[in-house]
>>> print(open('my_file.csv').read())   # CSV, C-alpha atoms
chain,number,residue,atom,x,y,z
A,1,MET,CA,70.4,29.3,-27.8
A,2,VAL,CA,70.0,31.3,-24.6
A,3,ALA,CA,67.4,33.5,-26.2
A,4,ARG,CA,65.4,30.5,-27.5
A,5,LYS,CA,65.4,28.9,-24.0
A,6,HIS,CA,64.0,32.1,-22.5
A,7,HIS,CA,61.2,32.2,-25.1
A,8,ASP,CA,60.3,28.6,-24.6
A,9,ALA,CA,60.1,29.1,-20.8
A,10,VAL,CA,57.6,32.1,-21.1
A,11,THR,CA,55.2,30.6,-23.7
A,12,PRO,CA,53.7,27.8,-21.4
A,13,ALA,CA,53.1,30.4,-18.7
A,14,ILE,CA,51.2,32.7,-21.1
A,15,SER,CA,49.2,29.7,-22.3
A,16,VAL,CA,48.2,28.7,-18.8
A,17,MET,CA,47.1,32.3,-18.1
A,18,LEU,CA,45.0,32.4,-21.3
A,19,LEU,CA,43.4,29.1,-20.5
A,20,VAL,CA,42.5,30.3,-17.0
A,21,LEU,CA,41.0,33.5,-18.4
A,22,LEU,CA,39.0,31.6,-21.0
A,23,THR,CA,37.7,29.2,-18.4
A,24,THR,CA,36.6,32.1,-16.2
A,25,LEU,CA,34.9,33.8,-19.0
A,26,ILE,CA,33.0,30.7,-20.0
A,27,ALA,CA,31.9,30.2,-16.3
A,28,ILE,CA,30.7,33.8,-16.1
A,29,ILE,CA,28.6,33.4,-19.3
A,30,ILE,CA,27.1,30.1,-18.1
A,31,TYR,CA,26.3,31.7,-14.7
A,32,ALA,CA,24.7,34.8,-16.3
A,33,PHE,CA,22.6,32.6,-18.6
A,34,ILE,CA,21.3,30.5,-15.7
A,35,TYR,CA,21.1,33.1,-12.8
A,36,GLY,CA,21.1,36.5,-14.6
A,37,ILE,CA,23.8,39.2,-14.4
A,38,PRO,CA,24.8,40.2,-10.9
A,39,GLY,CA,23.9,43.7,-9.8
A,40,GLY,CA,20.1,43.5,-9.8
A,41,LEU,CA,19.4,42.5,-13.5
A,42,GLU,CA,16.9,39.5,-13.6
A,43,LYS,CA,17.3,36.5,-15.8
A,44,SER,CA,15.0,36.7,-18.8
A,45,ALA,CA,12.5,33.9,-19.3
A,46,TYR,CA,13.5,30.8,-21.1
A,47,VAL,CA,10.6,28.7,-22.7
A,48,ALA,CA,10.9,26.0,-25.3
A,49,VAL,CA,7.7,26.3,-27.3
A,50,GLY,CA,5.8,24.2,-29.8
A,51,THR,CA,3.0,25.7,-31.9
A,52,ASP,CA,0.3,24.2,-34.2
A,53,VAL,CA,-3.0,25.1,-35.7
A,54,ASP,CA,-6.1,23.4,-34.3
A,55,ILE,CA,-9.8,23.4,-35.3
A,56,VAL,CA,-13.0,22.9,-33.4
A,57,ASN,CA,-16.4,23.2,-35.1
A,58,GLY,CA,-14.7,24.8,-38.1
A,59,THR,CA,-12.9,27.5,-36.1
A,60,GLU,CA,-9.1,27.8,-36.3
A,61,PHE,CA,-7.0,28.6,-33.3
A,62,LEU,CA,-3.4,28.0,-32.1
A,63,THR,CA,-2.1,25.5,-29.6
A,64,ILE,CA,1.0,26.7,-27.8
A,65,THR,CA,2.8,24.0,-25.8
A,66,HIS,CA,5.4,24.6,-23.1
A,67,ARG,CA,8.1,22.0,-23.8
A,68,GLY,CA,10.5,23.0,-21.1
A,69,GLY,CA,12.1,25.9,-19.2
A,70,ASP,CA,10.7,28.4,-16.7
A,71,ASP,CA,7.3,28.8,-15.2
A,72,VAL,CA,5.7,31.9,-16.7
A,73,PHE,CA,2.3,33.6,-16.5
A,74,LEU,CA,0.3,35.8,-18.8
A,75,ASN,CA,0.9,39.4,-17.7
A,76,GLY,CA,-2.3,41.1,-16.6
A,77,SER,CA,-4.3,37.9,-16.3
A,78,GLY,CA,-4.4,37.8,-12.5
A,79,ALA,CA,-1.9,35.0,-12.2
A,80,ALA,CA,1.4,35.5,-10.4
A,81,ARG,CA,3.6,32.5,-10.5
A,82,GLY,CA,6.9,32.6,-12.5
A,83,ILE,CA,8.0,35.3,-15.0
A,84,PRO,CA,5.4,37.6,-16.7
A,85,ILE,CA,5.1,37.3,-20.4
A,86,ASP,CA,3.2,39.1,-23.2
A,87,ILE,CA,1.8,37.2,-26.2
A,88,ARG,CA,1.2,39.2,-29.4
A,89,THR,CA,-0.2,38.3,-32.8
A,90,THR,CA,-0.2,40.0,-36.2
A,91,ALA,CA,-2.8,38.7,-38.5
A,92,ALA,CA,-3.1,39.3,-42.3
A,93,GLY,CA,-3.9,43.0,-42.9
A,94,GLY,CA,-3.7,44.0,-39.2
A,95,GLY,CA,-1.2,45.3,-36.7
A,96,SER,CA,0.4,43.7,-33.6
A,97,VAL,CA,-2.2,43.1,-30.9
A,98,LEU,CA,-1.7,42.0,-27.3
A,99,ALA,CA,-3.5,38.8,-26.3
A,100,ARG,CA,-5.4,38.9,-23.1
A,101,ALA,CA,-7.2,36.3,-20.8
A,102,ASP,CA,-10.5,36.2,-19.0
A,103,ASP,CA,-9.0,34.0,-16.2
A,104,PRO,CA,-5.5,33.8,-14.6
A,105,VAL,CA,-3.1,31.9,-16.8
A,106,THR,CA,0.0,30.3,-15.4
A,107,TRP,CA,2.0,28.3,-17.9
A,108,LYS,CA,4.3,25.5,-16.8
A,109,PRO,CA,6.4,22.9,-18.6
A,110,GLY,CA,4.2,20.2,-20.2
A,111,GLU,CA,1.1,22.5,-20.3
A,112,THR,CA,-0.7,23.7,-23.5
A,113,ILE,CA,-2.5,27.0,-23.8
A,114,TYR,CA,-4.7,28.1,-26.7
A,115,LEU,CA,-4.8,31.4,-28.5
A,116,TYR,CA,-8.0,32.2,-30.3
A,117,ASN,CA,-9.5,35.2,-32.0
A,118,THR,CA,-12.6,37.3,-30.9
A,119,ALA,CA,-14.2,40.6,-31.7
A,120,GLU,CA,-12.3,42.0,-28.8
A,121,GLY,CA,-9.0,40.8,-30.2
A,122,PRO,CA,-6.9,37.6,-29.5
A,123,LYS,CA,-7.3,35.8,-26.2
A,124,ILE,CA,-5.5,33.1,-24.3
A,125,THR,CA,-7.2,30.2,-22.5
A,126,LYS,CA,-6.5,26.8,-21.1
A,127,ASP,CA,-9.9,25.5,-22.3
A,128,ARG,CA,-9.7,24.0,-25.8
A,129,ASN,CA,-13.5,24.2,-26.2
A,130,ALA,CA,-13.5,27.9,-25.3
A,131,ALA,CA,-10.9,28.5,-28.0
A,132,GLY,CA,-13.2,26.7,-30.5
A,133,ALA,CA,-15.9,29.3,-29.8
A,134,GLY,CA,-13.8,32.2,-31.2
A,135,THR,CA,-14.2,34.0,-34.5
A,136,GLY,CA,-11.2,32.4,-36.3
A,137,PHE,CA,-8.3,34.2,-38.0
A,138,PRO,CA,-8.2,35.5,-41.5
A,139,ALA,CA,-6.5,33.5,-44.2
A,140,GLY,CA,-2.8,34.1,-44.6
A,141,SER,CA,0.2,34.2,-42.3
A,142,LEU,CA,-0.2,34.8,-38.6
A,143,ASP,CA,2.8,36.0,-36.7
A,144,LEU,CA,3.1,34.9,-33.0
A,145,VAL,CA,5.6,36.4,-30.6
A,146,ILE,CA,6.2,35.8,-26.9
A,147,ILE,CA,8.0,38.6,-25.0
A,148,ASP,CA,9.4,38.7,-21.5
A,149,THR,CA,7.4,41.6,-20.0
A,150,ASN,CA,10.1,42.8,-17.6
A,151,ALA,CA,13.2,42.3,-19.7
A,152,LYS,CA,11.5,43.3,-22.9
A,153,VAL,CA,13.2,40.6,-24.9
A,154,LEU,CA,11.8,38.1,-27.4
A,155,VAL,CA,11.3,34.6,-25.9
A,156,PHE,CA,9.7,33.0,-28.9
A,157,GLY,CA,8.6,33.8,-32.4
A,158,SER,CA,6.8,31.9,-35.2
A,159,THR,CA,4.7,32.4,-38.3
A,160,LEU,CA,1.8,30.1,-39.0
A,161,ALA,CA,-0.3,29.6,-42.1
A,162,MET,CA,-4.1,30.0,-41.4
A,163,ALA,CA,-6.5,28.5,-43.9
A,164,GLY,CA,-9.0,31.3,-43.0
A,165,SER,CA,-12.0,30.5,-40.8
A,166,GLY,CA,-12.1,34.3,-40.6
A,167,PRO,CA,-12.3,36.7,-43.5
A,168,GLY,CA,-9.8,36.2,-46.3
A,169,PRO,CA,-8.0,38.6,-48.8
A,170,ALA,CA,-11.0,38.5,-51.2
A,171,ASP,CA,-13.6,39.1,-48.5
A,172,PRO,CA,-14.9,42.2,-46.7
A,173,PRO,CA,-13.1,42.7,-43.3
A,174,VAL,CA,-14.7,42.2,-40.0
A,175,ALA,CA,-14.6,45.2,-37.6
A,176,GLY,CA,-13.5,44.8,-34.0
A,177,PHE,CA,-11.8,47.0,-31.4
A,178,ALA,CA,-10.9,47.3,-27.8
A,179,ALA,CA,-10.5,50.2,-25.4
A,180,ASP,CA,-8.1,50.6,-22.5
A,181,GLN,CA,-11.1,51.9,-20.4
A,182,TYR,CA,-14.8,52.0,-21.0
A,183,SER,CA,-15.8,54.4,-18.2
A,184,GLY,CA,-14.4,57.1,-16.0
A,185,PRO,CA,-14.8,60.7,-15.0
A,186,ALA,CA,-14.6,63.6,-17.4
A,187,PRO,CA,-12.3,64.5,-19.1
A,188,LEU,CA,-11.7,60.8,-20.1
A,189,THR,CA,-8.9,59.9,-22.5
A,190,VAL,CA,-9.4,56.5,-24.1
A,191,GLN,CA,-6.9,54.6,-26.2
A,192,PHE,CA,-8.6,52.5,-28.8
A,193,THR,CA,-7.0,49.4,-30.4
A,194,ASP,CA,-8.1,48.0,-33.7
A,195,THR,CA,-8.7,44.3,-33.6
A,196,SER,CA,-10.4,43.9,-37.0
A,197,THR,CA,-9.6,40.9,-39.1
A,198,GLY,CA,-9.2,40.6,-42.9
A,199,VAL,CA,-7.4,42.9,-45.3
A,200,ILE,CA,-8.2,46.4,-44.4
A,201,GLY,CA,-7.9,49.5,-46.7
A,202,SER,CA,-9.4,52.1,-44.4
A,203,TRP,CA,-10.6,52.8,-40.8
A,204,ILE,CA,-13.3,55.3,-40.0
A,205,TRP,CA,-14.0,56.1,-36.3
A,206,ASP,CA,-17.0,58.0,-35.0
A,207,PHE,CA,-16.7,58.7,-31.3
A,208,GLY,CA,-20.3,59.8,-30.8
A,209,ASP,CA,-19.4,63.3,-29.6
A,210,GLY,CA,-18.8,64.8,-33.0
A,211,GLY,CA,-15.2,63.6,-33.2
A,212,THR,CA,-13.9,61.3,-35.9
A,213,SER,CA,-10.6,59.7,-36.9
A,214,THR,CA,-9.1,57.7,-39.8
A,215,ALA,CA,-6.2,56.3,-37.8
A,216,GLN,CA,-6.0,52.6,-37.2
A,217,SER,CA,-5.8,52.8,-33.4
A,218,PRO,CA,-6.5,56.4,-32.2
A,219,GLU,CA,-6.6,58.1,-28.9
A,220,HIS,CA,-9.6,60.3,-28.1
A,221,THR,CA,-10.6,62.5,-25.1
A,222,PHE,CA,-14.3,62.8,-24.1
A,223,THR,CA,-14.7,66.2,-22.3
A,224,ASP,CA,-18.3,66.0,-21.1
A,225,PRO,CA,-20.2,63.5,-19.0
A,226,GLY,CA,-22.5,61.2,-21.0
A,227,THR,CA,-22.8,57.8,-22.7
A,228,TYR,CA,-21.1,57.8,-26.1
A,229,THR,CA,-21.5,55.1,-28.8
A,230,VAL,CA,-18.2,54.7,-30.6
A,231,THR,CA,-18.4,53.1,-34.0
A,232,LEU,CA,-15.6,51.7,-36.1
A,233,THR,CA,-16.1,51.0,-39.8
A,234,VAL,CA,-13.4,49.1,-41.8
A,235,ALA,CA,-13.5,48.6,-45.5
A,236,ASN,CA,-11.6,47.2,-48.5
A,237,SER,CA,-12.4,46.9,-52.2
A,238,PHE,CA,-14.8,43.9,-51.4
A,239,GLY,CA,-17.0,45.7,-48.9
A,240,SER,CA,-17.2,47.2,-45.4
A,241,ASN,CA,-18.2,46.2,-41.8
A,242,SER,CA,-19.0,48.2,-38.6
A,243,THR,CA,-19.1,47.5,-34.9
A,244,ALA,CA,-20.0,49.8,-32.0
A,245,LYS,CA,-19.4,50.0,-28.2
A,246,GLU,CA,-20.4,52.4,-25.4
A,247,ILE,CA,-18.1,54.6,-23.5
A,248,VAL,CA,-19.6,56.0,-20.2
A,249,VAL,CA,-18.2,59.3,-19.0
A,250,THR,CA,-19.3,60.3,-15.5
A,251,SER,CA,-19.2,63.4,-13.4
A,252,GLU,CA,-16.7,63.3,-10.5
A,253,ILE,CA,-18.4,62.0,-7.4
A,254,ALA,CA,-17.4,63.5,-4.0
A,255,GLY,CA,-16.1,61.0,-1.6
A,256,PHE,CA,-13.2,58.6,-1.1
A,257,THR,CA,-12.0,55.2,-2.6
A,258,VAL,CA,-9.3,52.8,-1.5
A,259,GLU,CA,-8.3,49.8,-3.7
A,260,ALA,CA,-5.7,47.0,-3.4
A,261,TRP,CA,-5.0,43.6,-4.9
A,262,VAL,CA,-4.3,41.1,-2.0
A,263,LYS,CA,-3.2,37.5,-1.7
A,264,TRP,CA,-2.6,35.4,1.4
A,265,ASN,CA,0.5,33.1,1.5
A,266,LYS,CA,-1.1,31.1,4.3
A,267,ASN,CA,-4.6,30.3,5.6
A,268,PRO,CA,-6.3,33.7,5.9
A,269,ALA,CA,-8.2,32.5,9.0
A,270,PRO,CA,-5.6,30.9,11.3
A,271,GLY,CA,-6.5,29.6,14.7
A,272,SER,CA,-3.9,31.7,16.5
A,273,ASN,CA,-5.3,34.9,18.1
A,274,ASN,CA,-2.1,36.9,17.4
A,275,GLU,CA,-2.6,36.4,13.7
A,276,ARG,CA,-6.1,37.7,13.5
A,277,TRP,CA,-7.1,41.2,12.3
A,278,ALA,CA,-4.9,40.7,9.2
A,279,THR,CA,-4.7,44.3,8.1
A,280,VAL,CA,-4.2,45.3,4.5
A,281,VAL,CA,-4.1,49.1,4.8
A,282,ILE,CA,-5.3,51.6,7.5
A,283,ASP,CA,-5.2,55.4,8.1
A,284,GLY,CA,-5.2,56.0,11.8
A,285,ASN,CA,-4.2,53.9,14.8
A,286,THR,CA,-7.3,53.6,17.0
A,287,ASP,CA,-11.1,53.3,16.3
A,288,SER,CA,-11.7,56.8,17.5
A,289,ASN,CA,-9.1,58.6,15.3
A,290,ARG,CA,-8.9,56.5,12.2
A,291,ARG,CA,-10.0,57.9,8.8
A,292,TYR,CA,-10.6,54.5,7.2
A,293,HIS,CA,-9.3,51.0,6.9
A,294,LEU,CA,-9.5,48.1,4.5
A,295,LEU,CA,-8.8,44.8,6.2
A,296,HIS,CA,-10.1,41.4,7.4
A,297,ASN,CA,-12.9,41.2,9.9
A,298,HIS,CA,-12.3,39.8,13.4
A,299,GLY,CA,-12.2,36.1,12.5
A,300,ASN,CA,-10.4,36.7,9.2
A,301,THR,CA,-13.3,35.2,7.3
A,302,ARG,CA,-14.5,38.3,5.4
A,303,PHE,CA,-13.2,41.5,3.9
A,304,GLU,CA,-14.1,44.8,5.7
A,305,ILE,CA,-14.1,48.5,4.9
A,306,ALA,CA,-14.5,50.9,7.8
A,307,ILE,CA,-14.7,54.7,7.9
A,308,ARG,CA,-15.1,57.3,10.5
A,309,THR,CA,-17.0,60.6,10.0
A,310,PRO,CA,-17.4,63.4,12.6
A,311,ASP,CA,-20.9,61.9,13.1
A,312,SER,CA,-19.7,58.4,13.7
A,313,THR,CA,-20.1,56.7,17.1
A,314,GLY,CA,-18.6,53.7,18.7
A,315,VAL,CA,-16.1,51.9,16.4
A,316,GLY,CA,-17.4,53.9,13.4
A,317,ASP,CA,-19.2,52.7,10.3
A,318,TYR,CA,-18.2,49.5,8.7
A,319,ILE,CA,-19.4,46.7,6.4
A,320,GLN,CA,-18.1,43.2,5.5
A,321,SER,CA,-18.1,41.3,2.3
A,322,ASP,CA,-20.0,38.1,1.4
A,323,THR,CA,-16.8,36.6,-0.1
A,324,GLN,CA,-14.6,34.5,2.2
A,325,PRO,CA,-10.9,34.7,1.0
A,326,MET,CA,-8.8,31.6,0.4
A,327,GLU,CA,-5.0,31.0,0.5
A,328,GLY,CA,-3.0,31.7,-2.7
A,329,ILE,CA,-5.7,33.5,-4.6
A,330,TRP,CA,-5.6,37.2,-5.7
A,331,TYR,CA,-8.5,39.4,-4.8
A,332,TYR,CA,-9.3,42.9,-6.0
A,333,LEU,CA,-10.7,44.9,-3.0
A,334,THR,CA,-12.4,48.3,-3.3
A,335,GLY,CA,-13.9,50.3,-0.5
A,336,VAL,CA,-15.9,53.4,-1.5
A,337,TYR,CA,-17.4,56.2,0.5
A,338,ASN,CA,-19.9,58.0,-1.7
A,339,GLN,CA,-20.4,61.4,0.1
A,340,GLU,CA,-23.1,62.5,-2.3
A,341,THR,CA,-25.5,59.7,-1.6
A,342,GLY,CA,-24.2,58.9,1.9
A,343,HIS,CA,-23.3,55.2,1.3
A,344,LEU,CA,-20.3,53.0,2.2
A,345,LEU,CA,-19.7,50.2,-0.2
A,346,ILE,CA,-17.4,47.2,-0.5
A,347,TYR,CA,-16.5,45.5,-3.8
A,348,VAL,CA,-14.7,42.2,-4.3
A,349,ASN,CA,-13.3,41.4,-7.8
A,350,GLY,CA,-15.4,44.3,-9.2
A,351,ASN,CA,-18.7,43.1,-7.7
A,352,PRO,CA,-20.6,45.2,-5.2
A,353,GLU,CA,-21.3,43.0,-2.2
A,354,ARG,CA,-22.5,45.2,0.7
A,355,SER,CA,-23.6,48.8,1.3
A,356,LEU,CA,-24.4,50.9,4.3
A,357,GLY,CA,-26.1,54.3,4.7
A,358,VAL,CA,-23.6,56.7,6.4
A,359,SER,CA,-23.2,60.5,7.0
A,360,THR,CA,-22.5,62.8,4.1
A,361,VAL,CA,-20.4,65.3,6.2
A,362,GLY,CA,-17.1,63.7,5.0
A,363,LEU,CA,-14.3,61.6,6.5
A,364,ARG,CA,-12.7,62.5,9.8
A,365,PRO,CA,-9.2,64.0,9.3
A,366,SER,CA,-6.4,61.5,9.7
A,367,PRO,CA,-3.8,61.8,12.5
A,368,GLY,CA,-1.2,60.9,9.9
A,369,ALA,CA,-0.7,57.3,11.1
A,370,TYR,CA,-0.9,55.7,7.7
A,371,GLN,CA,0.0,52.0,8.0
A,372,VAL,CA,0.2,48.9,5.7
A,373,GLY,CA,0.1,45.5,7.3
A,374,GLY,CA,2.9,43.0,7.2
A,375,PRO,CA,4.1,39.8,9.0
A,376,ASP,CA,5.3,41.9,12.0
A,377,GLY,CA,1.9,43.6,12.4
A,378,ILE,CA,1.0,47.2,13.0
A,379,THR,CA,0.2,49.4,16.0
A,380,PHE,CA,-3.5,49.7,16.8
A,381,GLY,CA,-5.2,50.8,20.0
A,382,GLY,CA,-1.7,51.2,21.5
A,383,SER,CA,-0.8,47.6,21.0
A,384,LEU,CA,2.2,46.5,18.9
A,385,ASN,CA,1.9,43.5,16.5
A,386,GLN,CA,-1.9,43.2,17.2
A,387,ARG,CA,-2.7,43.0,13.5
A,388,LYS,CA,-0.7,41.0,11.0
A,389,PHE,CA,-0.8,40.2,7.3
A,390,ASP,CA,1.2,37.3,5.7
A,391,GLY,CA,0.7,37.8,2.0
A,392,GLU,CA,1.2,40.2,-0.9
A,393,ILE,CA,-0.3,43.6,-1.8
A,394,ARG,CA,-0.2,45.2,-5.2
A,395,GLY,CA,-1.8,48.2,-6.8
A,396,LEU,CA,-2.6,49.9,-3.5
A,397,SER,CA,-4.2,53.3,-4.3
A,398,THR,CA,-6.5,55.9,-2.7
A,399,TYR,CA,-8.6,58.5,-4.5
A,400,GLU,CA,-10.2,61.6,-3.0
A,401,ARG,CA,-13.4,60.8,-4.9
A,402,ALA,CA,-15.8,57.9,-5.2
A,403,LEU,CA,-15.1,55.6,-8.1
A,404,SER,CA,-18.2,54.6,-10.1
A,405,PRO,CA,-19.2,50.9,-10.4
A,406,ALA,CA,-18.2,50.9,-14.1
A,407,GLU,CA,-14.7,52.3,-13.2
A,408,ILE,CA,-14.2,49.6,-10.6
A,409,GLN,CA,-15.2,46.9,-13.0
A,410,THR,CA,-12.8,48.3,-15.6
A,411,ARG,CA,-10.0,48.3,-13.1
A,412,PHE,CA,-10.7,44.7,-12.2
A,413,ASN,CA,-10.9,43.7,-15.8
A,414,ALA,CA,-7.5,45.2,-16.5
A,415,GLY,CA,-6.0,42.5,-14.2
A,416,LEU,CA,-3.2,42.3,-11.7
A,417,PRO,CA,-0.8,45.2,-11.9
>>> encode(input="my_file.csv", output="structure tokens")
Amino acid sequence: MVARKHHDAVTPAISVMLLVLLTTLIAIIIYAFIYGIPGGLEKSAYVAVGTDVDIVNGTEFLTITHRGGDDVFLNGSGAARGIPIDIRTTAAGGGSVLARADDPVTWKPGETIYLYNTAEGPKITKDRNAAGAGTGFPAGSLDLVIIDTNAKVLVFGSTLAMAGSGPGPADPPVAGFAADQYSGPAPLTVQFTDTSTGVIGSWIWDFGDGGTSTAQSPEHTFTDPGTYTVTLTVANSFGSNSTAKEIVVTSEIAGFTVEAWVKWNKNPAPGSNNERWATVVIDGNTDSNRRYHLLHNHGNTRFEIAIRTPDSTGVGDYIQSDTQPMEGIWYYLTGVYNQETGHLLIYVNGNPERSLGVSTVGLRPSPGAYQVGGPDGITFGGSLNQRKFDGEIRGLSTYERALSPAEIQTRFNAGLP
């Protein structure tokens, strides 16, 4: 009897401890699901998704509805609210292809986006009429997956049956491809991605420089400057189809380039004097010893690129954009010093806006005072906090050469890094 009483006294205590441990474990799991795992790991995206097939003017495309969960945005589209996602499709006879967008795409609960097919591959839009202007998908099953870009985890997956407004299994395929870049200095390595539709038995690539490939999505290096016509021919037992695009390979241009994606979190042109001169990036700390800067003009109403050569006088050589920035919008800024032609140029969102004739002797050496603006400001002309920037900067890079207009346009088209 004594031994039994001792056993009965211990069992409730163990039960309580197990209950406490189980409750704690459940609480940790719930916390991790909602807030992510402590220690720097971010919570992956949660999106409840509904999909369907829609038709406009005989062209099939997908409707993808956000039924609840996190705000997300399409990675690389230029949007930047929520968690970045990638959307991929696999059509009949093809491989997995990343869907892109021509405009920034933020996707919030209650909103519908549309996935449609083009000769460049699948694209995402919020405009239903634009989706109806696509090429359609081939008949058969279409796999759709949504992936958290940062966490690399599957958010959603579905397989839909397409009636086939694009080529079907008993039709010749339709050729299509995309390149990760369409221009650049030699040697230029380009990754090509097949976006052809239909059932495909073979791929034949002609790169226009004597090189060929039978891979589905090959990589090719163009060694010499020139304009090359790249042709892809796809075929099956019912026929073949070809498409072609140009790749421009340039010689390296002497000079200098600075680029950055910028966005203001508040009015870019505030009334307060101590918030003017909202600097993005600068090399030097006075007008007389700077190498270059990329910033706002005096009234914060235009973008500005300024350089200083040994021949420069006064405040140096500078030009301002035509574009007036607005709060909450991403802008891709590029300042170029073309030493060969003697021109200073400013680009906004890939478009050249102003140019100025300057000296070809090169940039003045920098004193090493490289600065990037922030809310606390930087030092310029001996004054602290004279220039401030309340916003975000991404993709800030400099190059000891002049990027060509085609390269700048390609970088803008690639979207927000």
>>> residues_around(input="my_file.csv", residues="stretch 208-220 of chain A", least_positions_apart="3", cutoff="6 Å", atoms="all atoms listed in the file", output="list in words")
Thr189, Val190, Gln191, Phe192, Thr193, Asp194, Trp203, Ile204, Trp205, Tyr228, Thr229 and Val230 of chain A
>>> atom_distance(input="my_file.csv", atom1="atom CA of A:Arg100", atom2="atom CA of A:Gly239")
29.1 Å
>>> residues_near_point(input="my_file.csv", point="(-0.1, 27.8, -29.4)", cutoff="8 Å", atoms="only C-alpha atoms", output="list in words")
Gly50, Thr51, Asp52, Val53, Phe61, Leu62, Thr63, Ile64, Thr65, Thr112, Ile113, Tyr114 and Leu115 of chain A
>>> residues_around(input="my_file.csv", residues="stretch 350-353 of chain A", least_positions_apart="4", cutoff="9 Å", atoms="all atoms listed in the file", output="list in words")
Gln320, Ser321, Asp322, Thr323, Tyr332, Leu333, Thr334, Leu345, Ile346, Pro405, Ala406, Glu407, Ile408, Gln409, Thr410, Arg411, Phe412 and Asn413 of chain A
>>> closest_atom_pairs(input="my_file.csv", of="stretch 389-415 of chain A", to="stretch 356-362 of chain A", cutoff="12 Å", atoms="only C-alpha atoms", output="JSON lines")
{"residue": "A:Glu400", "atom": "CA", "partner": "A:Gly362", "partner_atom": "CA", "distance": 10.8}
{"residue": "A:Arg401", "atom": "CA", "partner": "A:Gly362", "partner_atom": "CA", "distance": 11.0}
{"residue": "A:Ala402", "atom": "CA", "partner": "A:Gly362", "partner_atom": "CA", "distance": 11.8}
>>> residues_around(input="my_file.csv", residues="stretch 308-313 of chain A", least_positions_apart="4", cutoff="10 Å", atoms="all atoms listed in the file", output="number ranges by chain")
A: 287-293, 317-318, 358-366
>>> atom_distance(input="my_file.csv", atom1="atom CA of A:Val336", atom2="atom CA of A:Lys245")
27.1 Å
>>> atom_distance(input="my_file.csv", atom1="atom CA of A:Thr89", atom2="atom CA of A:Asp54")
16.1 Å
>>> residues_around(input="my_file.csv", residues="stretch 374-384 of chain A", least_positions_apart="4", cutoff="12 Å", atoms="only C-alpha atoms", output="VMD selection string")
chain A and resid 262 264 to 266 274 to 290 293 295 315 369 to 370 388 to 393
>>> closest_residue(input="my_file.csv", among="A:Val97, A:Leu344, A:Ala48, A:Ala178", to="A:Leu142", atoms="only C-alpha atoms")
A:Val97
